[in-house]
Amino acid sequence: MGRLASLLLNWGPTLVCNVALPLMTYQVLTDRGMSEVSALAVSAVWPVVEVGVLWAVRRRIDEIGVLTLIVIALGVGSSLLLDDERLVLLKESAVTGLFGLVLLGSLLAPRPLMFYFGRKFATDGSPERVAWWDGLWRFGGFRRTQRTLTVVWGAVFLAEAAVRIELAEVLTVGATVAVSAVLPYAVTAGLVTWTILYSRRARRRAAEADPAALAEPARG
């Protein structure tokens with residue numbers, strides 16, 4: 001199977017069930033008068049379906065699906081708690097900050113969240129490549145890299161939330177909306193760029209220390 005076909009098989013269902021269908025469901029339901037909270041809750045059906053199907057087929061939990069469910073749950077919770085106009089503008093900040101806490105909290109688990117996100121990006125979902133990625137955990141340098149990534153992403157999301165909350169206190173509602181529309185994309189782009197550069201440096205160091213450590217399995 002070619003690399004493009006493998007990527008499509010791995011990412012196609014994920015993008016459809018965790019991005020396209022939830023967004024479409026939410027938009028259609030809110031346009032028809034359903035409350036934001038109810039529409040968010042209904043949109044969670046799609047990632048639940050994907051997580052269930054992947055478990056039934058491969059006996060493996062889909063990390064992106066679980067992440068989507070976490071984000072939706074945070075969105076529902078913040079929508080229930082925030083009903084003032086200015087507070088509603090801070091809903092996304094609350095979700096971002098809570099997700100940052102989830103990331104940092106995952107450091108207490110045997111493997112942090114960024115390990116699972118990295119596996120989704122670094123493999124095509126095949127048992128061989130998933131096993132290869134899981135096997136990298138035995139290397140101390142790899143463990144440090146995954147934990148460092150988790151710390152940085154969690155801390156930056158918390159910092160972004162704090163900045164947006166502070167700006168909402170000093171800016172007009174219109175300016176707050178403008179900032180909220182741009183800042184998350186800028187922060188995420190910066191994090192992705194840093195992650196790529198940091199991971200490449202970590203991979204080079206690991207290869208220099210043990211050339212066989214990161215040897216990848218042959219692709220099908």
# chains A, B, ... in the order shown; residues from 1 in each chain; ligands from 1
>>> residues_around(residues="Asn18 (chain A)", least_positions_apart="2", cutoff="9 Å", atoms="only C-alpha atoms", output="ChimeraX atom specification")
/A:13-16,20-23,44,46-47,50,64-65,68-69
>>> write_last_selection(atoms="N, CA, C and O atoms", output="PDB file, in the first residue's frame")
ATOM      1  N   PRO A  13     -10.992   8.879   8.144  1.00  0.00           N
ATOM      2  CA  PRO A  13     -12.063   8.738   9.135  1.00  0.00           C
ATOM      3  C   PRO A  13     -11.922   9.695  10.305  1.00  0.00           C
ATOM      4  O   PRO A  13     -12.911  10.198  10.837  1.00  0.00           O
ATOM      5  N   THR A  14     -10.678   9.964  10.713  1.00  0.00           N
ATOM      6  CA  THR A  14     -10.451  10.884  11.835  1.00  0.00           C
ATOM      7  C   THR A  14     -10.939  12.281  11.505  1.00  0.00           C
ATOM      8  O   THR A  14     -11.647  12.919  12.298  1.00  0.00           O
ATOM      9  N   LEU A  15     -10.559  12.788  10.333  1.00  0.00           N
ATOM     10  CA  LEU A  15     -10.964  14.143   9.945  1.00  0.00           C
ATOM     11  C   LEU A  15     -12.470  14.237   9.733  1.00  0.00           C
ATOM     12  O   LEU A  15     -13.096  15.237  10.097  1.00  0.00           O
ATOM     13  N   VAL A  16     -13.049  13.202   9.144  1.00  0.00           N
ATOM     14  CA  VAL A  16     -14.494  13.223   8.896  1.00  0.00           C
ATOM     15  C   VAL A  16     -15.276  13.180  10.208  1.00  0.00           C
ATOM     16  O   VAL A  16     -16.198  13.977  10.431  1.00  0.00           O
ATOM     17  N   ALA A  20     -15.149  17.351  10.406  1.00  0.00           N
ATOM     18  CA  ALA A  20     -16.192  17.724   9.444  1.00  0.00           C
ATOM     19  C   ALA A  20     -17.604  17.477   9.990  1.00  0.00           C
ATOM     20  O   ALA A  20     -18.440  18.391  10.035  1.00  0.00           O
ATOM     21  N   LEU A  21     -17.889  16.257  10.405  1.00  0.00           N
ATOM     22  CA  LEU A  21     -19.251  15.932  10.850  1.00  0.00           C
ATOM     23  C   LEU A  21     -19.666  16.670  12.128  1.00  0.00           C
ATOM     24  O   LEU A  21     -20.799  17.168  12.200  1.00  0.00           O
ATOM     25  N   PRO A  22     -18.791  16.767  13.157  1.00  0.00           N
ATOM     26  CA  PRO A  22     -19.197  17.552  14.328  1.00  0.00           C
ATOM     27  C   PRO A  22     -19.492  19.012  13.998  1.00  0.00           C
ATOM     28  O   PRO A  22     -20.461  19.577  14.499  1.00  0.00           O
ATOM     29  N   LEU A  23     -18.648  19.631  13.143  1.00  0.00           N
ATOM     30  CA  LEU A  23     -18.876  21.030  12.779  1.00  0.00           C
ATOM     31  C   LEU A  23     -20.179  21.188  11.999  1.00  0.00           C
ATOM     32  O   LEU A  23     -20.961  22.108  12.250  1.00  0.00           O
ATOM     33  N   ALA A  44     -21.162  15.310  19.547  1.00  0.00           N
ATOM     34  CA  ALA A  44     -20.217  14.348  20.125  1.00  0.00           C
ATOM     35  C   ALA A  44     -20.493  12.925  19.673  1.00  0.00           C
ATOM     36  O   ALA A  44     -19.661  12.029  19.888  1.00  0.00           O
ATOM     37  N   TRP A  46     -20.436  11.716  16.730  1.00  0.00           N
ATOM     38  CA  TRP A  46     -19.519  11.266  15.669  1.00  0.00           C
ATOM     39  C   TRP A  46     -18.182  10.766  16.204  1.00  0.00           C
ATOM     40  O   TRP A  46     -17.746   9.676  15.824  1.00  0.00           O
ATOM     41  N   PRO A  47     -17.486  11.516  17.061  1.00  0.00           N
ATOM     42  CA  PRO A  47     -16.242  10.941  17.609  1.00  0.00           C
ATOM     43  C   PRO A  47     -16.489   9.690  18.445  1.00  0.00           C
ATOM     44  O   PRO A  47     -15.639   8.796  18.475  1.00  0.00           O
ATOM     45  N   GLU A  50     -16.572   6.906  15.994  1.00  0.00           N
ATOM     46  CA  GLU A  50     -15.244   6.545  15.486  1.00  0.00           C
ATOM     47  C   GLU A  50     -14.435   5.776  16.523  1.00  0.00           C
ATOM     48  O   GLU A  50     -13.777   4.781  16.211  1.00  0.00           O
ATOM     49  N   ILE A  64      -7.262  10.871  18.929  1.00  0.00           N
ATOM     50  CA  ILE A  64      -7.855  12.109  18.430  1.00  0.00           C
ATOM     51  C   ILE A  64      -9.346  12.145  18.742  1.00  0.00           C
ATOM     52  O   ILE A  64      -9.901  13.189  19.084  1.00  0.00           O
ATOM     53  N   GLY A  65     -10.008  10.997  18.629  1.00  0.00           N
ATOM     54  CA  GLY A  65     -11.420  10.935  18.980  1.00  0.00           C
ATOM     55  C   GLY A  65     -11.654  11.271  20.448  1.00  0.00           C
ATOM     56  O   GLY A  65     -12.595  12.003  20.789  1.00  0.00           O
ATOM     57  N   THR A  68     -11.220  14.965  20.906  1.00  0.00           N
ATOM     58  CA  THR A  68     -12.392  15.697  20.443  1.00  0.00           C
ATOM     59  C   THR A  68     -13.498  15.650  21.487  1.00  0.00           C
ATOM     60  O   THR A  68     -14.163  16.665  21.754  1.00  0.00           O
ATOM     61  N   LEU A  69     -13.711  14.500  22.088  1.00  0.00           N
ATOM     62  CA  LEU A  69     -14.731  14.372  23.123  1.00  0.00           C
ATOM     63  C   LEU A  69     -14.401  15.240  24.335  1.00  0.00           C
ATOM     64  O   LEU A  69     -15.293  15.858  24.936  1.00  0.00           O
TER      65      LEU A  69
END
>>> residues_around(residues="region 183-199 of chain A", least_positions_apart="3", cutoff="12 Å", atoms="only C-alpha atoms", output="number ranges by chain")
A: 92-93, 95-97, 114-115, 117-118, 121-122, 141-161, 163-164, 167, 175-180, 202-206
>>> atom_distance(atom1="CA of Val45 (chain A)", atom2="CA of Ser126 (chain A)")
25.2 Å
>>> atom_distance(atom1="CA of Ala39 (chain A)", atom2="CA of Tyr26 (chain A)")
5.1 Å
>>> atom_distance(atom1="CA of Arg129 (chain A)", atom2="CA of Val49 (chain A)")
23.9 Å
>>> decode(residues="region 132-145 of chain A", atoms="all heavy atoms", output="CSV table (one decimal), in the first residue's frame")
chain,number,residue,atom,x,y,z
A,132,TRP,N,6.0,-0.2,16.7
A,132,TRP,CA,7.3,0.4,16.6
A,132,TRP,C,7.3,1.7,17.5
A,132,TRP,O,8.2,1.9,18.3
A,132,TRP,CB,7.6,0.8,15.1
A,132,TRP,CG,8.7,1.8,15.0
A,132,TRP,CD1,10.0,1.7,15.2
A,132,TRP,CD2,8.5,3.2,14.7
A,132,TRP,NE1,10.7,2.9,15.0
A,132,TRP,CE2,9.8,3.8,14.7
A,132,TRP,CE3,7.4,4.0,14.3
A,132,TRP,CZ2,10.0,5.2,14.4
A,132,TRP,CZ3,7.6,5.3,14.0
A,132,TRP,CH2,8.8,5.9,14.0
A,133,TRP,N,6.3,2.5,17.3
A,133,TRP,CA,6.2,3.8,18.1
A,133,TRP,C,6.1,3.5,19.6
A,133,TRP,O,6.8,4.1,20.4
A,133,TRP,CB,5.0,4.6,17.6
A,133,TRP,CG,4.8,5.9,18.4
A,133,TRP,CD1,4.0,6.1,19.5
A,133,TRP,CD2,5.5,7.1,18.1
A,133,TRP,NE1,4.2,7.4,19.9
A,133,TRP,CE2,5.1,8.1,19.0
A,133,TRP,CE3,6.4,7.5,17.1
A,133,TRP,CZ2,5.5,9.4,19.0
A,133,TRP,CZ3,6.9,8.8,17.1
A,133,TRP,CH2,6.4,9.7,18.1
A,134,ASP,N,5.3,2.5,20.0
A,134,ASP,CA,5.1,2.1,21.4
A,134,ASP,C,6.5,1.7,21.9
A,134,ASP,O,6.8,1.9,23.1
A,134,ASP,CB,4.1,1.1,21.6
A,134,ASP,CG,2.7,1.6,21.3
A,134,ASP,OD1,2.5,2.8,21.2
A,134,ASP,OD2,1.7,0.7,21.2
A,135,GLY,N,7.2,0.9,21.1
A,135,GLY,CA,8.5,0.4,21.5
A,135,GLY,C,9.6,1.5,21.8
A,135,GLY,O,10.5,1.2,22.6
A,136,LEU,N,9.4,2.7,21.2
A,136,LEU,CA,10.4,3.7,21.5
A,136,LEU,C,10.3,4.2,22.9
A,136,LEU,O,11.3,4.9,23.4
A,136,LEU,CB,10.1,4.9,20.5
A,136,LEU,CG,10.2,4.7,19.0
A,136,LEU,CD1,9.8,5.9,18.2
A,136,LEU,CD2,11.7,4.3,18.7
A,137,TRP,N,9.3,3.9,23.6
A,137,TRP,CA,9.1,4.4,25.0
A,137,TRP,C,10.2,3.8,25.9
A,137,TRP,O,10.5,4.4,27.0
A,137,TRP,CB,7.8,4.0,25.5
A,137,TRP,CG,7.5,4.6,26.9
A,137,TRP,CD1,7.5,4.0,28.1
A,137,TRP,CD2,7.1,6.0,27.1
A,137,TRP,NE1,7.1,4.9,29.1
A,137,TRP,CE2,6.9,6.2,28.5
A,137,TRP,CE3,7.0,7.1,26.3
A,137,TRP,CZ2,6.6,7.4,29.1
A,137,TRP,CZ3,6.7,8.4,26.8
A,137,TRP,CH2,6.5,8.5,28.2
A,138,ARG,N,10.9,2.8,25.5
A,138,ARG,CA,11.9,2.2,26.3
A,138,ARG,C,13.2,3.0,26.3
A,138,ARG,O,14.1,2.8,27.2
A,138,ARG,CB,12.3,0.8,25.8
A,138,ARG,CG,13.0,0.7,24.5
A,138,ARG,CD,13.1,-0.8,24.1
A,138,ARG,NE,13.9,-0.9,22.8
A,138,ARG,CZ,13.4,-0.9,21.6
A,138,ARG,NH1,12.1,-0.6,21.5
A,138,ARG,NH2,14.1,-1.0,20.5
A,139,PHE,N,13.3,4.0,25.4
A,139,PHE,CA,14.5,4.8,25.4
A,139,PHE,C,14.2,6.1,26.2
A,139,PHE,O,13.2,6.8,26.1
A,139,PHE,CB,14.8,5.2,23.9
A,139,PHE,CG,15.1,4.1,23.1
A,139,PHE,CD1,14.2,3.6,22.1
A,139,PHE,CD2,16.3,3.4,23.2
A,139,PHE,CE1,14.5,2.6,21.3
A,139,PHE,CE2,16.6,2.3,22.4
A,139,PHE,CZ,15.7,1.9,21.4
A,140,GLY,N,15.2,6.4,27.1
A,140,GLY,CA,15.1,7.5,28.0
A,140,GLY,C,14.9,8.8,27.3
A,140,GLY,O,14.1,9.7,27.7
A,141,GLY,N,15.7,9.0,26.2
A,141,GLY,CA,15.6,10.3,25.4
A,141,GLY,C,14.2,10.5,24.8
A,141,GLY,O,13.7,11.6,24.8
A,142,PHE,N,13.6,9.4,24.3
A,142,PHE,CA,12.3,9.5,23.7
A,142,PHE,C,11.3,9.9,24.8
A,142,PHE,O,10.4,10.7,24.6
A,142,PHE,CB,11.9,8.2,23.1
A,142,PHE,CG,10.6,8.1,22.5
A,142,PHE,CD1,10.4,8.7,21.2
A,142,PHE,CD2,9.5,7.6,23.1
A,142,PHE,CE1,9.1,8.7,20.6
A,142,PHE,CE2,8.2,7.6,22.5
A,142,PHE,CZ,8.1,8.1,21.2
A,143,ARG,N,11.4,9.3,26.0
A,143,ARG,CA,10.5,9.6,27.1
A,143,ARG,C,10.6,11.1,27.5
A,143,ARG,O,9.6,11.8,27.7
A,143,ARG,CB,10.7,8.7,28.3
A,143,ARG,CG,10.4,7.2,28.0
A,143,ARG,CD,10.4,6.5,29.4
A,143,ARG,NE,11.6,6.5,30.1
A,143,ARG,CZ,12.6,5.6,29.9
A,143,ARG,NH1,12.5,4.6,29.0
A,143,ARG,NH2,13.7,5.7,30.6
A,144,ARG,N,11.8,11.6,27.5
A,144,ARG,CA,12.0,13.0,27.9
A,144,ARG,C,11.4,13.9,26.8
A,144,ARG,O,10.8,14.9,27.2
A,144,ARG,CB,13.5,13.3,28.0
A,144,ARG,CG,14.1,12.8,29.3
A,144,ARG,CD,15.5,13.3,29.6
A,144,ARG,NE,16.5,12.9,28.5
A,144,ARG,CZ,17.1,11.8,28.5
A,144,ARG,NH1,17.0,10.9,29.5
A,144,ARG,NH2,18.0,11.5,27.5
A,145,THR,N,11.6,13.5,25.6
A,145,THR,CA,11.0,14.3,24.5
A,145,THR,C,9.5,14.4,24.6
A,145,THR,O,8.9,15.5,24.5
A,145,THR,CB,11.4,13.7,23.1
A,145,THR,OG1,12.8,13.8,23.0
A,145,THR,CG2,10.8,14.5,22.0
